[in-house]
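Pasted below: target_16.pdb, PDB, C-alpha atoms and all ligand atoms.
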```pdb
MODEL        1
ATOM      1  CA  MET A   1     -13.194  -3.338  -9.887
ATOM      2  CA  LYS A   2      -9.959  -1.496 -10.803
ATOM      3  CA  ILE A   3      -7.038  -2.425  -8.583
ATOM      4  CA  LEU A   4      -3.698  -0.598  -8.397
ATOM      5  CA  MET A   5      -0.935  -2.802  -6.956
ATOM      6  CA  VAL A   6       2.075  -0.773  -5.813
ATOM      7  CA  TYR A   7       5.216  -2.816  -5.115
ATOM      8  CA  GLY A   8       7.633  -1.432  -2.551
ATOM      9  CA  SER A   9      10.490  -3.912  -2.253
ATOM     10  CA  PRO A  10      13.864  -3.463  -3.962
ATOM     11  CA  ASP A  11      13.563  -7.171  -4.785
ATOM     12  CA  GLY A  12      11.061  -7.546  -7.613
ATOM     13  CA  GLU A  13      10.957 -11.304  -7.057
ATOM     14  CA  GLY A  14      11.176 -11.361  -3.280
ATOM     15  CA  ASN A  15       8.922 -12.540  -0.480
ATOM     16  CA  SER A  16       6.435  -9.697  -0.772
ATOM     17  CA  ARG A  17       6.090 -10.169  -4.520
ATOM     18  CA  LYS A  18       5.520 -13.903  -4.022
ATOM     19  CA  LEU A  19       2.688 -13.255  -1.555
ATOM     20  CA  ALA A  20       1.260 -10.540  -3.834
ATOM     21  CA  ASN A  21       1.224 -13.026  -6.729
ATOM     22  CA  SER A  22      -1.385 -15.026  -4.818
ATOM     23  CA  VAL A  23      -3.477 -11.872  -4.368
ATOM     24  CA  ILE A  24      -3.158 -11.295  -8.142
ATOM     25  CA  ASP A  25      -4.323 -14.887  -8.809
ATOM     26  CA  GLY A  26      -7.422 -14.169  -6.746
ATOM     27  CA  LEU A  27      -8.035 -10.795  -8.389
ATOM     28  CA  LYS A  28      -7.707 -12.235 -11.894
ATOM     29  CA  SER A  29      -9.961 -15.210 -11.138
ATOM     30  CA  GLU A  30     -12.699 -12.642 -10.406
ATOM     31  CA  ASN A  31     -11.880 -10.607 -13.534
ATOM     32  CA  ALA A  32     -10.584  -7.527 -11.733
ATOM     33  CA  GLU A  33      -8.733  -4.981 -13.838
ATOM     34  CA  VAL A  34      -5.219  -4.890 -12.349
ATOM     35  CA  GLU A  35      -2.440  -2.341 -12.850
ATOM     36  CA  GLU A  36       0.939  -3.228 -11.299
ATOM     37  CA  ILE A  37       3.693  -0.704 -10.661
ATOM     38  CA  SER A  38       6.934  -0.660  -8.674
ATOM     39  CA  ILE A  39       7.582   2.453  -6.657
ATOM     40  CA  TYR A  40      11.272   1.994  -7.551
ATOM     41  CA  ASP A  41      10.438   3.007 -11.133
ATOM     42  CA  TYR A  42       9.209   6.439 -10.046
ATOM     43  CA  ASN A  43      10.938   9.611  -8.952
ATOM     44  CA  ILE A  44       9.238  11.028  -5.846
ATOM     45  CA  THR A  45      10.563  14.201  -4.206
ATOM     46  CA  ASP A  46      10.826  14.098  -0.407
ATOM     47  CA  VAL A  47       8.546  16.404   1.540
ATOM     48  CA  TRP A  48       9.968  19.874   2.181
ATOM     49  CA  PRO A  49       9.570  22.522   4.929
ATOM     50  CA  ASN A  50       5.872  23.486   5.220
ATOM     51  CA  TYR A  51       4.980  20.741   2.719
ATOM     52  CA  PHE A  52       1.599  20.105   4.358
ATOM     53  CA  GLY A  53       0.692  23.815   4.247
ATOM     54  CA  ASP A  54       1.680  23.956   0.579
ATOM     55  CA  ALA A  55      -0.203  20.746  -0.194
ATOM     56  CA  LEU A  56      -3.395  22.142   1.329
ATOM     57  CA  GLN A  57      -3.110  25.010  -1.141
ATOM     58  CA  ASN A  58      -2.200  22.680  -4.020
ATOM     59  CA  LYS A  59       1.239  24.286  -4.351
ATOM     60  CA  PHE A  60       3.704  21.683  -5.614
ATOM     61  CA  GLU A  61       6.397  23.763  -7.360
ATOM     62  CA  LYS A  62       8.976  22.569  -4.801
ATOM     63  CA  ALA A  63       8.432  18.962  -5.925
ATOM     64  CA  GLY A  64      10.017  19.921  -9.239
ATOM     65  CA  ASP A  65       9.260  17.693 -12.161
ATOM     66  CA  ASP A  66       8.695  14.496 -10.177
ATOM     67  CA  ASP A  67       6.305  11.613 -10.867
ATOM     68  CA  MET A  68       3.763  12.326  -8.116
ATOM     69  CA  PRO A  69       1.172  13.813 -10.532
ATOM     70  CA  LYS A  70       1.351  10.577 -12.584
ATOM     71  CA  LEU A  71       1.018   8.451  -9.461
ATOM     72  CA  LYS A  72      -1.866  10.582  -8.208
ATOM     73  CA  ASP A  73      -3.726  10.030 -11.498
ATOM     74  CA  LYS A  74      -3.198   6.279 -11.182
ATOM     75  CA  MET A  75      -4.569   6.288  -7.641
ATOM     76  CA  ILE A  76      -7.576   8.368  -8.618
ATOM     77  CA  ALA A  77      -8.340   5.962 -11.483
ATOM     78  CA  ALA A  78      -8.363   2.954  -9.120
ATOM     79  CA  ASP A  79     -11.126   1.635  -6.873
ATOM     80  CA  VAL A  80      -8.670  -0.124  -4.568
ATOM     81  CA  ILE A  81      -4.998   0.636  -3.881
ATOM     82  CA  VAL A  82      -2.955  -2.328  -2.645
ATOM     83  CA  LEU A  83       0.420  -1.513  -1.116
ATOM     84  CA  VAL A  84       2.854  -4.422  -1.226
ATOM     85  CA  SER A  85       5.756  -3.921   1.174
ATOM     86  CA  PRO A  86       8.299  -5.704   3.299
ATOM     87  CA  VAL A  87       8.168  -4.565   6.929
ATOM     88  CA  TYR A  88      11.227  -2.395   7.600
ATOM     89  CA  TRP A  89      11.549  -1.529  11.284
ATOM     90  CA  TYR A  90       7.802  -1.915  11.891
ATOM     91  CA  GLN A  91       6.965   0.428   9.017
ATOM     92  CA  LEU A  92       6.738   0.600   5.244
ATOM     93  CA  GLY A  93       9.980   0.421   3.270
ATOM     94  CA  GLY A  94      11.605   3.833   2.753
ATOM     95  CA  LYS A  95      10.611   4.442  -0.882
ATOM     96  CA  MET A  96       7.030   3.386  -0.237
ATOM     97  CA  LYS A  97       6.948   5.551   2.891
ATOM     98  CA  THR A  98       8.086   8.587   0.872
ATOM     99  CA  PHE A  99       5.252   7.844  -1.573
ATOM    100  CA  VAL A 100       2.700   7.680   1.262
ATOM    101  CA  ASP A 101       4.181  10.840   2.854
ATOM    102  CA  ARG A 102       3.262  12.554  -0.399
ATOM    103  CA  TRP A 103      -0.367  11.405  -0.229
ATOM    104  CA  SER A 104      -1.010  14.811   1.333
ATOM    105  CA  ASP A 105      -0.842  15.939  -2.312
ATOM    106  CA  THR A 106      -4.416  14.618  -2.532
ATOM    107  CA  ILE A 107      -5.713  16.689   0.404
ATOM    108  CA  ASN A 108      -7.720  19.815  -0.414
ATOM    109  CA  PRO A 109      -8.108  23.101   1.533
ATOM    110  CA  ASP A 110     -11.239  21.733   3.284
ATOM    111  CA  PHE A 111      -9.249  18.603   4.291
ATOM    112  CA  SER A 112     -11.227  16.412   1.893
ATOM    113  CA  SER A 113      -9.066  13.988  -0.060
ATOM    114  CA  ASP A 114      -9.205  12.938  -3.694
ATOM    115  CA  LEU A 115      -8.724   9.367  -2.398
ATOM    116  CA  LYS A 116     -11.994   9.443  -0.421
ATOM    117  CA  GLY A 117     -14.070   6.299  -0.798
ATOM    118  CA  LYS A 118     -11.285   4.210  -2.333
ATOM    119  CA  GLY A 119     -10.257   0.951  -0.745
ATOM    120  CA  LEU A 120      -6.798   0.599   0.805
ATOM    121  CA  ALA A 121      -5.211  -2.802   1.433
ATOM    122  CA  LEU A 122      -1.766  -3.970   2.498
ATOM    123  CA  VAL A 123       0.251  -7.042   1.543
ATOM    124  CA  SER A 124       3.307  -7.352   3.781
ATOM    125  CA  THR A 125       6.006  -9.826   4.672
ATOM    126  CA  HIS A 126       8.206  -9.778   7.755
ATOM    127  CA  SER A 127      10.876 -11.814   9.498
ATOM    128  CA  GLY A 128       8.429 -13.883  11.510
ATOM    129  CA  MET A 129      10.569 -13.350  14.583
ATOM    130  CA  ASN A 130       7.647 -12.251  16.632
ATOM    131  CA  VAL A 131       9.413 -10.474  19.440
ATOM    132  CA  MET A 132       6.786  -7.948  18.424
ATOM    133  CA  ASN A 133       4.381  -8.640  15.618
ATOM    134  CA  SER A 134       5.759  -6.312  12.947
ATOM    135  CA  SER A 135       2.975  -6.690  10.404
ATOM    136  CA  ASN A 136       0.299  -5.765  12.933
ATOM    137  CA  TYR A 137       1.941  -2.426  13.700
ATOM    138  CA  LEU A 138       2.127  -1.618  10.021
ATOM    139  CA  GLN A 139      -1.502  -2.618   9.442
ATOM    140  CA  LEU A 140      -2.610  -0.352  12.295
ATOM    141  CA  ALA A 141      -0.653   2.565  10.810
ATOM    142  CA  MET A 142      -2.172   1.990   7.363
ATOM    143  CA  GLU A 143      -5.678   1.599   8.742
ATOM    144  CA  ALA A 144      -5.289   4.948  10.539
ATOM    145  CA  THR A 145      -3.953   6.504   7.328
ATOM    146  CA  ALA A 146      -6.977   5.188   5.421
ATOM    147  CA  ARG A 147      -9.311   6.645   8.022
ATOM    148  CA  PHE A 148      -7.627  10.061   7.865
ATOM    149  CA  MET A 149      -7.967  10.081   4.082
ATOM    150  CA  GLY A 150     -11.630   9.005   4.109
ATOM    151  CA  MET A 151     -10.558   5.756   2.457
ATOM    152  CA  VAL A 152     -12.006   2.347   3.236
ATOM    153  CA  TRP A 153      -9.659  -0.059   5.012
ATOM    154  CA  MET A 154      -9.934  -3.471   3.321
ATOM    155  CA  GLY A 155      -7.441  -5.333   5.525
ATOM    156  CA  GLY A 156      -4.017  -6.837   5.243
ATOM    157  CA  ALA A 157      -2.530 -10.134   4.074
ATOM    158  CA  GLU A 158       0.786 -11.008   5.692
ATOM    159  CA  ALA A 159       3.323 -13.789   5.858
ATOM    160  CA  PRO A 160       6.539 -14.512   7.703
ATOM    161  CA  VAL A 161       9.575 -15.357   5.588
ATOM    162  CA  PRO A 162      11.868 -18.368   5.628
ATOM    163  CA  MET A 163      14.741 -17.623   8.022
ATOM    164  CA  PRO A 164      16.718 -19.875  10.365
ATOM    165  CA  ILE A 165      14.727 -18.957  13.481
ATOM    166  CA  SER A 166      11.440 -18.086  11.771
ATOM    167  CA  SER A 167       8.617 -20.506  11.079
ATOM    168  CA  GLY A 168       8.383 -19.216   7.477
ATOM    169  CA  PRO A 169       5.244 -19.078   5.379
ATOM    170  CA  VAL A 170       2.895 -22.031   5.077
ATOM    171  CA  ASP A 171       0.480 -22.769   2.222
ATOM    172  CA  GLY A 172      -2.278 -21.158   4.286
ATOM    173  CA  HIS A 173      -0.682 -17.728   3.966
ATOM    174  CA  TYR A 174      -0.857 -17.971   0.172
ATOM    175  CA  ASP A 175      -4.403 -19.377   0.293
ATOM    176  CA  ILE A 176      -5.545 -16.469   2.464
ATOM    177  CA  ALA A 177      -3.810 -14.018   0.100
ATOM    178  CA  LYS A 178      -5.573 -15.534  -2.943
ATOM    179  CA  ASP A 179      -8.914 -15.467  -1.138
ATOM    180  CA  PHE A 180      -8.225 -11.826  -0.200
ATOM    181  CA  GLY A 181      -7.652 -11.022  -3.885
ATOM    182  CA  GLN A 182     -10.991 -12.588  -4.796
ATOM    183  CA  LYS A 183     -12.714 -10.569  -2.100
ATOM    184  CA  LEU A 184     -11.048  -7.305  -3.159
ATOM    185  CA  ALA A 185     -12.218  -7.923  -6.725
ATOM    186  CA  ARG A 186     -15.780  -8.116  -5.394
ATOM    187  CA  GLY A 187     -15.379  -4.978  -3.272
ATOM    188  CA  GLU A 188     -15.227  -7.012  -0.077
ATOM    189  CA  ASN A 189     -12.835  -6.624   2.837
ATOM    190  CA  LEU A 190     -10.665  -9.394   4.300
ATOM    191  CA  ILE A 191     -13.592 -10.896   6.202
ATOM    192  CA  GLY A 192     -15.969 -10.808   3.242
ATOM    193  CA  GLN A 193     -18.031  -7.737   4.095
ATOM    194  CA  LYS A 194     -19.148  -5.983   0.906
ATOM    195  CA  ILE A 195     -18.038  -2.403   1.474
ATOM    196  CA  LEU A 196     -17.228  -0.942  -1.946
TER     197      LEU A 196
HETATM  198  C1  LIG B 201      16.046  -2.715   6.646
HETATM  199  C2  LIG B 201      15.210  -3.909   7.053
HETATM  200  C3  LIG B 201      14.383  -3.790   8.151
HETATM  201  C4  LIG B 201      13.591  -4.858   8.542
HETATM  202  N1  LIG B 201      12.755  -4.702   9.615
HETATM  203  C5  LIG B 201      11.957  -5.716   9.999
HETATM  204  C6  LIG B 201      11.072  -5.580  11.099
HETATM  205  O1  LIG B 201      10.969  -4.535  11.733
HETATM  206  N2  LIG B 201      10.318  -6.641  11.447
HETATM  207  C7  LIG B 201      10.375  -7.823  10.774
HETATM  208  O2  LIG B 201       9.659  -8.754  11.161
HETATM  209  N3  LIG B 201      11.174  -7.992   9.688
HETATM  210  C8  LIG B 201      11.965  -6.971   9.290
HETATM  211  N4  LIG B 201      12.786  -7.118   8.196
HETATM  212  C9  LIG B 201      12.701  -8.359   7.368
HETATM  213  C10 LIG B 201      11.879  -8.140   6.107
HETATM  214  O3  LIG B 201      10.605  -7.591   6.401
HETATM  215  C11 LIG B 201      11.644  -9.452   5.334
HETATM  216  O4  LIG B 201      12.867 -10.057   5.040
HETATM  217  C12 LIG B 201      10.796  -9.243   4.083
HETATM  218  O5  LIG B 201      10.151 -10.451   3.764
HETATM  219  C13 LIG B 201      11.583  -8.781   2.853
HETATM  220  O6  LIG B 201      10.664  -8.678   1.773
HETATM  221  P1  LIG B 201      11.120  -8.744   0.238
HETATM  222  O7  LIG B 201      11.725 -10.097  -0.012
HETATM  223  O8  LIG B 201       9.835  -8.554  -0.524
HETATM  224  O9  LIG B 201      12.069  -7.613   0.014
HETATM  225  C14 LIG B 201      13.611  -6.075   7.805
HETATM  226  C15 LIG B 201      14.456  -6.179   6.689
HETATM  227  C16 LIG B 201      15.247  -5.106   6.325
HETATM  228  C17 LIG B 201      16.144  -5.232   5.099
ENDMDL
END
```
Could I get this structure in the form of structure tokens?
Amino acid sequence: MKILMVYGSPDGEGNSRKLANSVIDGLKSENAEVEEISIYDYNITDVWPNYFGDALQNKFEKAGDDDMPKLKDKMIAADVIVLVSPVYWYQLGGKMKTFVDRWSDTINPDFSSDLKGKGLALVSTHSGMNVMNSSNYLQLAMEATARFMGMVWMGGAEAPVPMPISSGPVDGHYDIAKDFGQKLARGENLIGQKIL
């Protein structure tokens, strides 16, 4: 199984990366082929007026010479795309969100997507101050995105972070993340159903 891990935190050694490392442990223990990239290393043009209309006609001149074609090739080469992101205001971080905004680049005139059939998974960390459960909102948004794109939703691993009024992560969060990595490598979703 080929897995593309896309990191979306400005902190390359932060909470999200730490949780993702457990997913990587699981993936590698099952011999998955893993490519890791940080979205901060890529130049992605924001969407423009009538972007979606242009995208449906595969017209991307207004994107200039950005890195989206490279990123699209990487996604197409993968079986599973894993987005690794802190929760920022109940959503993906800004750079990662711009990247996902541009996923319409993969949609064709008949609304089919070049990402059809690929797995999508999310690894997210959040404050753990559960006034509202931030990670759940983000997972719902990404599951809906997967469905729109004809992708297969594999599930999400999440953990709260150590803060004065947060419970912080426990070993179980990292164990679940490692187990999730093993399952992804076998084409299974978070609850072990073989779907790829
Ligand atoms: C701009 C910003 C917005 C945030 N919004 C939320 C939020 O809506 N819900 C939440 O639980 N945590 C929120 N947080 C906390 C982060 O999700 C948390 O600290 C995360 O673990 C940071 O990940 P990192 O260390 O990988 O960068 C926010 C943090 C920042 C900087």
Task: Distance query stretch 116-127 of chain A at most 9 Å, all atoms listed in the file, self and fewer than 4 positions along chain excluded, as an MDAnalysis selection string - done: chainID A and resid 15:17 19:20 23 75:76 78:88 90 92 112 133:135 138:139 142:143 146 149:163 166 168 177 184 187 189 195:196
Task: Selected residue, from A:Lys194, A:Lys18, A:Lys70, A:Lys59, that lies nearest to A:Ile107 when counting all atoms listed in the file - done: A:Lys59
Open item on the list: Could you tell me, as number ranges by chain, exactly which residues end up selected when the PyMOL selection byres (((chain A and resi 43) around 9) and not hetatm) is applied to this structure?
Closed with: A: 39-42, 44-45, 65-68
Open item on the list: I want to know what sits within 9 Å of stretch 98-106 of chain A, based on all atoms listed in the file, with residues of the same chain fewer than 4 positions away left out; could you give that as number ranges by chain?
Closed with: A: 39, 44-47, 51-52, 54-56, 58-60, 68-69, 71-72, 93-94, 112-115, 149
Enclose all atoms of stretch 110-118 of chain A listed in the file in an axis-aligned box, grow every side by 3 Å, and hand back centre and edge lengths in Å to one decimal, as JSON.
```
{"center_x": -11.4, "center_y": 13.0, "center_z": 0.3, "size_x": 11.3, "size_y": 23.5, "size_z": 14.0}
```
Step by step: start from the point (-2.7, -20.2, -1.1) in the file's coordinates, keep every protein, DNA or RNA residue that has an atom no farther than 10 Å from it, count all atoms listed in the file, and write the set as a PDB file with C-alpha atoms, in the frame of the given file.
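Final file, selection13.pdb:
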```pdb
ATOM      1  CA  LEU A  19       2.688 -13.255  -1.555  1.00  0.00           C
ATOM      2  CA  ASN A  21       1.224 -13.026  -6.729  1.00  0.00           C
ATOM      3  CA  SER A  22      -1.385 -15.026  -4.818  1.00  0.00           C
ATOM      4  CA  VAL A  23      -3.477 -11.872  -4.368  1.00  0.00           C
ATOM      5  CA  ASP A  25      -4.323 -14.887  -8.809  1.00  0.00           C
ATOM      6  CA  GLY A  26      -7.422 -14.169  -6.746  1.00  0.00           C
ATOM      7  CA  VAL A 170       2.895 -22.031   5.077  1.00  0.00           C
ATOM      8  CA  ASP A 171       0.480 -22.769   2.222  1.00  0.00           C
ATOM      9  CA  GLY A 172      -2.278 -21.158   4.286  1.00  0.00           C
ATOM     10  CA  HIS A 173      -0.682 -17.728   3.966  1.00  0.00           C
ATOM     11  CA  TYR A 174      -0.857 -17.971   0.172  1.00  0.00           C
ATOM     12  CA  ASP A 175      -4.403 -19.377   0.293  1.00  0.00           C
ATOM     13  CA  ILE A 176      -5.545 -16.469   2.464  1.00  0.00           C
ATOM     14  CA  ALA A 177      -3.810 -14.018   0.100  1.00  0.00           C
ATOM     15  CA  LYS A 178      -5.573 -15.534  -2.943  1.00  0.00           C
ATOM     16  CA  ASP A 179      -8.914 -15.467  -1.138  1.00  0.00           C
TER      17      ASP A 179
END
```
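You can rank A:Arg186, A:Arg147, A:Lys2, A:Lys95 by their closest distance to A:Ala77 using all atoms listed in the file, and at the top of that list sits A:Lys2.
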Task: Distance of atom CA of A:Pro49 from atom CA of A:Ser9, expressed in Å to one decimal place - done: 27.4 Å
Task: Selected residue, from A:Leu4, A:Met129, A:Val34, A:Ala141, that lies nearest to ligand LIG 201 (chain B) when counting all atoms listed in the file - done: A:Met129
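Residue nearest A:Gly12 within the list A:Glu36, A:Glu61, A:Asp73, A:Asp110: A:Glu36 [criterion: smallest interatomic distance, all atoms listed in the file].
Each of A:Gln91, A:Thr145, A:Ser167, A:Asn136 was compared to ligand LIG 201 (chain B) using all atoms listed in the file, and A:Gln91 turns out to be the nearest.
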Open item on the list: Using Å and a single decimal, report how far atom CA of A:Trp89 sits from atom CA of A:Tyr137.
Closed with: 9.9 Å
Please, can stretch 61-72 of chain A be completed to all heavy atoms and returned as a PDB file, in the coordinates of the input?
```
ATOM      1  N   GLU A  61       5.215  23.354  -6.570  1.00  0.00           N
ATOM      2  CA  GLU A  61       6.397  23.763  -7.360  1.00  0.00           C
ATOM      3  C   GLU A  61       7.665  23.156  -6.776  1.00  0.00           C
ATOM      4  O   GLU A  61       8.571  22.755  -7.505  1.00  0.00           O
ATOM      5  CB  GLU A  61       6.559  25.293  -7.365  1.00  0.00           C
ATOM      6  CG  GLU A  61       5.452  26.060  -8.073  1.00  0.00           C
ATOM      7  CD  GLU A  61       4.222  26.275  -7.192  1.00  0.00           C
ATOM      8  OE1 GLU A  61       4.295  25.945  -5.983  1.00  0.00           O
ATOM      9  OE2 GLU A  61       3.192  26.740  -7.699  1.00  0.00           O
ATOM     10  N   LYS A  62       7.737  23.049  -5.437  1.00  0.00           N
ATOM     11  CA  LYS A  62       8.976  22.569  -4.801  1.00  0.00           C
ATOM     12  C   LYS A  62       9.227  21.085  -5.080  1.00  0.00           C
ATOM     13  O   LYS A  62      10.312  20.587  -4.813  1.00  0.00           O
ATOM     14  CB  LYS A  62       8.935  22.842  -3.304  1.00  0.00           C
ATOM     15  CG  LYS A  62       9.038  24.327  -3.000  1.00  0.00           C
ATOM     16  CD  LYS A  62       9.156  24.608  -1.520  1.00  0.00           C
ATOM     17  CE  LYS A  62       9.206  26.105  -1.292  1.00  0.00           C
ATOM     18  NZ  LYS A  62       8.475  26.561  -0.147  1.00  0.00           N
ATOM     19  N   ALA A  63       8.237  20.380  -5.579  1.00  0.00           N
ATOM     20  CA  ALA A  63       8.432  18.962  -5.925  1.00  0.00           C
ATOM     21  C   ALA A  63       9.195  18.840  -7.235  1.00  0.00           C
ATOM     22  O   ALA A  63       9.647  17.754  -7.596  1.00  0.00           O
ATOM     23  CB  ALA A  63       7.088  18.258  -6.033  1.00  0.00           C
ATOM     24  N   GLY A  64       9.335  19.974  -7.944  1.00  0.00           N
ATOM     25  CA  GLY A  64      10.017  19.921  -9.239  1.00  0.00           C
ATOM     26  C   GLY A  64       9.199  19.099 -10.207  1.00  0.00           C
ATOM     27  O   GLY A  64       7.970  18.991 -10.102  1.00  0.00           O
ATOM     28  N   ASP A  65       9.934  18.435 -11.092  1.00  0.00           N
ATOM     29  CA  ASP A  65       9.260  17.693 -12.161  1.00  0.00           C
ATOM     30  C   ASP A  65       9.208  16.209 -11.769  1.00  0.00           C
ATOM     31  O   ASP A  65       9.675  15.359 -12.513  1.00  0.00           O
ATOM     32  CB  ASP A  65      10.069  17.914 -13.452  1.00  0.00           C
ATOM     33  CG  ASP A  65       9.346  17.368 -14.659  1.00  0.00           C
ATOM     34  OD1 ASP A  65       8.123  17.208 -14.583  1.00  0.00           O
ATOM     35  OD2 ASP A  65      10.034  17.079 -15.664  1.00  0.00           O
ATOM     36  N   ASP A  66       8.666  15.904 -10.595  1.00  0.00           N
ATOM     37  CA  ASP A  66       8.695  14.496 -10.177  1.00  0.00           C
ATOM     38  C   ASP A  66       7.469  13.742 -10.680  1.00  0.00           C
ATOM     39  O   ASP A  66       6.658  14.292 -11.444  1.00  0.00           O
ATOM     40  CB  ASP A  66       8.885  14.366  -8.651  1.00  0.00           C
ATOM     41  CG  ASP A  66       7.621  14.614  -7.856  1.00  0.00           C
ATOM     42  OD1 ASP A  66       6.602  15.058  -8.435  1.00  0.00           O
ATOM     43  OD2 ASP A  66       7.628  14.359  -6.638  1.00  0.00           O
ATOM     44  N   ASP A  67       7.353  12.469 -10.301  1.00  0.00           N
ATOM     45  CA  ASP A  67       6.305  11.613 -10.867  1.00  0.00           C
ATOM     46  C   ASP A  67       5.027  11.571 -10.030  1.00  0.00           C
ATOM     47  O   ASP A  67       4.134  10.773 -10.322  1.00  0.00           O
ATOM     48  CB  ASP A  67       6.839  10.177 -11.025  1.00  0.00           C
ATOM     49  CG  ASP A  67       7.888  10.089 -12.115  1.00  0.00           C
ATOM     50  OD1 ASP A  67       7.748  10.810 -13.125  1.00  0.00           O
ATOM     51  OD2 ASP A  67       8.841   9.309 -11.952  1.00  0.00           O
ATOM     52  N   MET A  68       4.948  12.398  -8.977  1.00  0.00           N
ATOM     53  CA  MET A  68       3.763  12.326  -8.116  1.00  0.00           C
ATOM     54  C   MET A  68       2.454  12.610  -8.861  1.00  0.00           C
ATOM     55  O   MET A  68       1.462  11.928  -8.613  1.00  0.00           O
ATOM     56  CB  MET A  68       3.949  13.283  -6.940  1.00  0.00           C
ATOM     57  CG  MET A  68       3.677  12.756  -5.558  1.00  0.00           C
ATOM     58  SD  MET A  68       3.521  11.015  -5.254  1.00  0.00           S
ATOM     59  CE  MET A  68       1.942  10.974  -4.443  1.00  0.00           C
ATOM     60  N   PRO A  69       2.433  13.600  -9.801  1.00  0.00           N
ATOM     61  CA  PRO A  69       1.172  13.813 -10.532  1.00  0.00           C
ATOM     62  C   PRO A  69       0.706  12.552 -11.268  1.00  0.00           C
ATOM     63  O   PRO A  69      -0.475  12.215 -11.259  1.00  0.00           O
ATOM     64  CB  PRO A  69       1.514  14.953 -11.512  1.00  0.00           C
ATOM     65  CG  PRO A  69       2.641  15.684 -10.851  1.00  0.00           C
ATOM     66  CD  PRO A  69       3.449  14.621 -10.142  1.00  0.00           C
ATOM     67  N   LYS A  70       1.683  11.826 -11.870  1.00  0.00           N
ATOM     68  CA  LYS A  70       1.351  10.577 -12.584  1.00  0.00           C
ATOM     69  C   LYS A  70       0.791   9.546 -11.612  1.00  0.00           C
ATOM     70  O   LYS A  70      -0.208   8.870 -11.884  1.00  0.00           O
ATOM     71  CB  LYS A  70       2.644   9.989 -13.189  1.00  0.00           C
ATOM     72  CG  LYS A  70       2.778  10.164 -14.674  1.00  0.00           C
ATOM     73  CD  LYS A  70       4.031   9.427 -15.162  1.00  0.00           C
ATOM     74  CE  LYS A  70       5.090  10.419 -15.584  1.00  0.00           C
ATOM     75  NZ  LYS A  70       6.402   9.877 -15.816  1.00  0.00           N
ATOM     76  N   LEU A  71       1.445   9.435 -10.460  1.00  0.00           N
ATOM     77  CA  LEU A  71       1.018   8.451  -9.461  1.00  0.00           C
ATOM     78  C   LEU A  71      -0.350   8.821  -8.887  1.00  0.00           C
ATOM     79  O   LEU A  71      -1.196   7.954  -8.633  1.00  0.00           O
ATOM     80  CB  LEU A  71       2.065   8.343  -8.350  1.00  0.00           C
ATOM     81  CG  LEU A  71       3.372   7.688  -8.787  1.00  0.00           C
ATOM     82  CD1 LEU A  71       4.493   7.967  -7.784  1.00  0.00           C
ATOM     83  CD2 LEU A  71       3.186   6.180  -8.962  1.00  0.00           C
ATOM     84  N   LYS A  72      -0.570  10.116  -8.718  1.00  0.00           N
ATOM     85  CA  LYS A  72      -1.866  10.582  -8.208  1.00  0.00           C
ATOM     86  C   LYS A  72      -2.976  10.200  -9.197  1.00  0.00           C
ATOM     87  O   LYS A  72      -4.031   9.700  -8.788  1.00  0.00           O
ATOM     88  CB  LYS A  72      -1.789  12.105  -8.021  1.00  0.00           C
ATOM     89  CG  LYS A  72      -2.948  12.699  -7.276  1.00  0.00           C
ATOM     90  CD  LYS A  72      -2.647  14.170  -6.972  1.00  0.00           C
ATOM     91  CE  LYS A  72      -3.913  14.979  -6.803  1.00  0.00           C
ATOM     92  NZ  LYS A  72      -3.665  16.396  -6.579  1.00  0.00           N
TER      93      LYS A  72
END
```
